[in-house]
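Here the structure comes first, spelled out in structure tokens, and everything after it is commentary.
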Amino acid sequence: MSRNYVDLVIAMMGSPENLHAADSAWRALESELGVQFPVDYRLLVDGYGPIQVNGHLYLSHPATERWNLGRWISSTIAAFERSDLSGAECPGFENGPIFGGPDGLIPLASTDRGEYVFGAIRRGDSKWRILACDGDEQDFYEYRMGFSEWLYGYLSGGDMFGPDSAAFYPGPLLLESMPLTVEDRSISWRGPQRGM
């Protein structure tokens, strides 16, 4: 029996507020990239984004001016394309990673530790793969799972950016809203108690 990882993540993060949910923003971004984002990714980003989790993991949102997912994706793709990744191992990409849609790596989230989470889907396929990397290393690690399962693994202390990359913080998650204007202040709160 498969687990519902969206519900498991919500149980850790608390009830989603869906403050910025906007189908039109997603449609515009998907049209620009030539891909449709995974449903579980959209649900979690709409539910919580833009947000920082446990002081490290960032989720941006396509409908906000500040912390805009589309601009972040574009700048991240540009930065990786400028990098010398000639010797990088990247499962599913024989000649090294390519970035951008519809056949390349699409940035989904990042951490302040220089780690990145990418989604990849082949044209005509409906199954996304997760590839993650530490910005200090060249290699990408494949996780054959959806974003919500990957996020659940990360929040549970799994090695989700490659070997020995776990970052588990006991107790309730620390959630922090991202200020939407320069005058805004971020708001922090704790998720529900976890049984870990």
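In the structure tokens, chains take the letters A, B, ... in the order shown, each chain's residues start at 1, and ligands count up from 1 in the order shown.
For stretch 82-173 of chain A, backbone-based DSSP labels the following residues as alpha helix (DSSP H): Arg82, Phe147, Ser148, Glu149, Trp150, Leu151, Tyr152, Gly153, Tyr154 and Leu155 of chain A.
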What are the closest atom pairs, with distances in Å to one decimal, for all residues of stretch 105-192 of chain A lying within 9 Å of stretch 12-35 of chain A? Consider only C-alpha atoms, order rows by chain and residue number, and present the result as CSV.
residue,atom,partner,partner_atom,distance
A:Ile106,CA,A:Leu33,CA,8.6
A:Ile121,CA,A:Val35,CA,8.2
A:Arg123,CA,A:Val35,CA,8.6
A:Tyr152,CA,A:Met12,CA,8.7
A:Leu155,CA,A:Met12,CA,8.3
A:Pro172,CA,A:Met12,CA,7.3
A:Leu173,CA,A:Met13,CA,6.6
A:Leu174,CA,A:Met13,CA,8.6
A:Leu175,CA,A:Met13,CA,7.6
A:Arg190,CA,A:Met13,CA,7.9
A:Gly191,CA,A:Met13,CA,4.7
A:Pro192,CA,A:Gly14,CA,5.9
Go ahead and compute the interatomic distance for atom CA of A:Ala79 and atom CA of A:Gly157, in Å to one decimal. 28.0 Å
Pick from A:Gln138, A:Thr76, A:Ser148, A:Ser126 nearest to A:Ser110, counting only C-alpha atoms: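 Selected residue with least distance to A:Ser110: A:Thr76.
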Which residue, A:Ile51, A:Met178, A:Leu43, A:Cys133, has the smallest gap to A:Asp7 when you use only C-alpha atoms?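 The answer is A:Leu43, which sits nearest to A:Asp7.
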Check the smallest atom-to-atom distance from each of A:Gly49, A:Gly100, A:Gly87, A:Gly70 to A:Ser177 using only C-alpha atoms, then report the winner.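 Nearest candidate to A:Ser177 out of A:Gly49, A:Gly100, A:Gly87, A:Gly70: A:Gly49.
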Closest of A:Leu85, A:Ile77, A:Val53, A:Leu108 to A:Pro38 - atom-to-atom distances counting only C-alpha atoms: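 Checking each candidate against A:Pro38, we get A:Leu108 as the closest.
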Find the residues around A:His56 up to 8 Å (only C-alpha atoms counted), leave out those fewer than 4 positions away in its own chain, and share them as a ChimeraX atom specification. /A:52,111-113
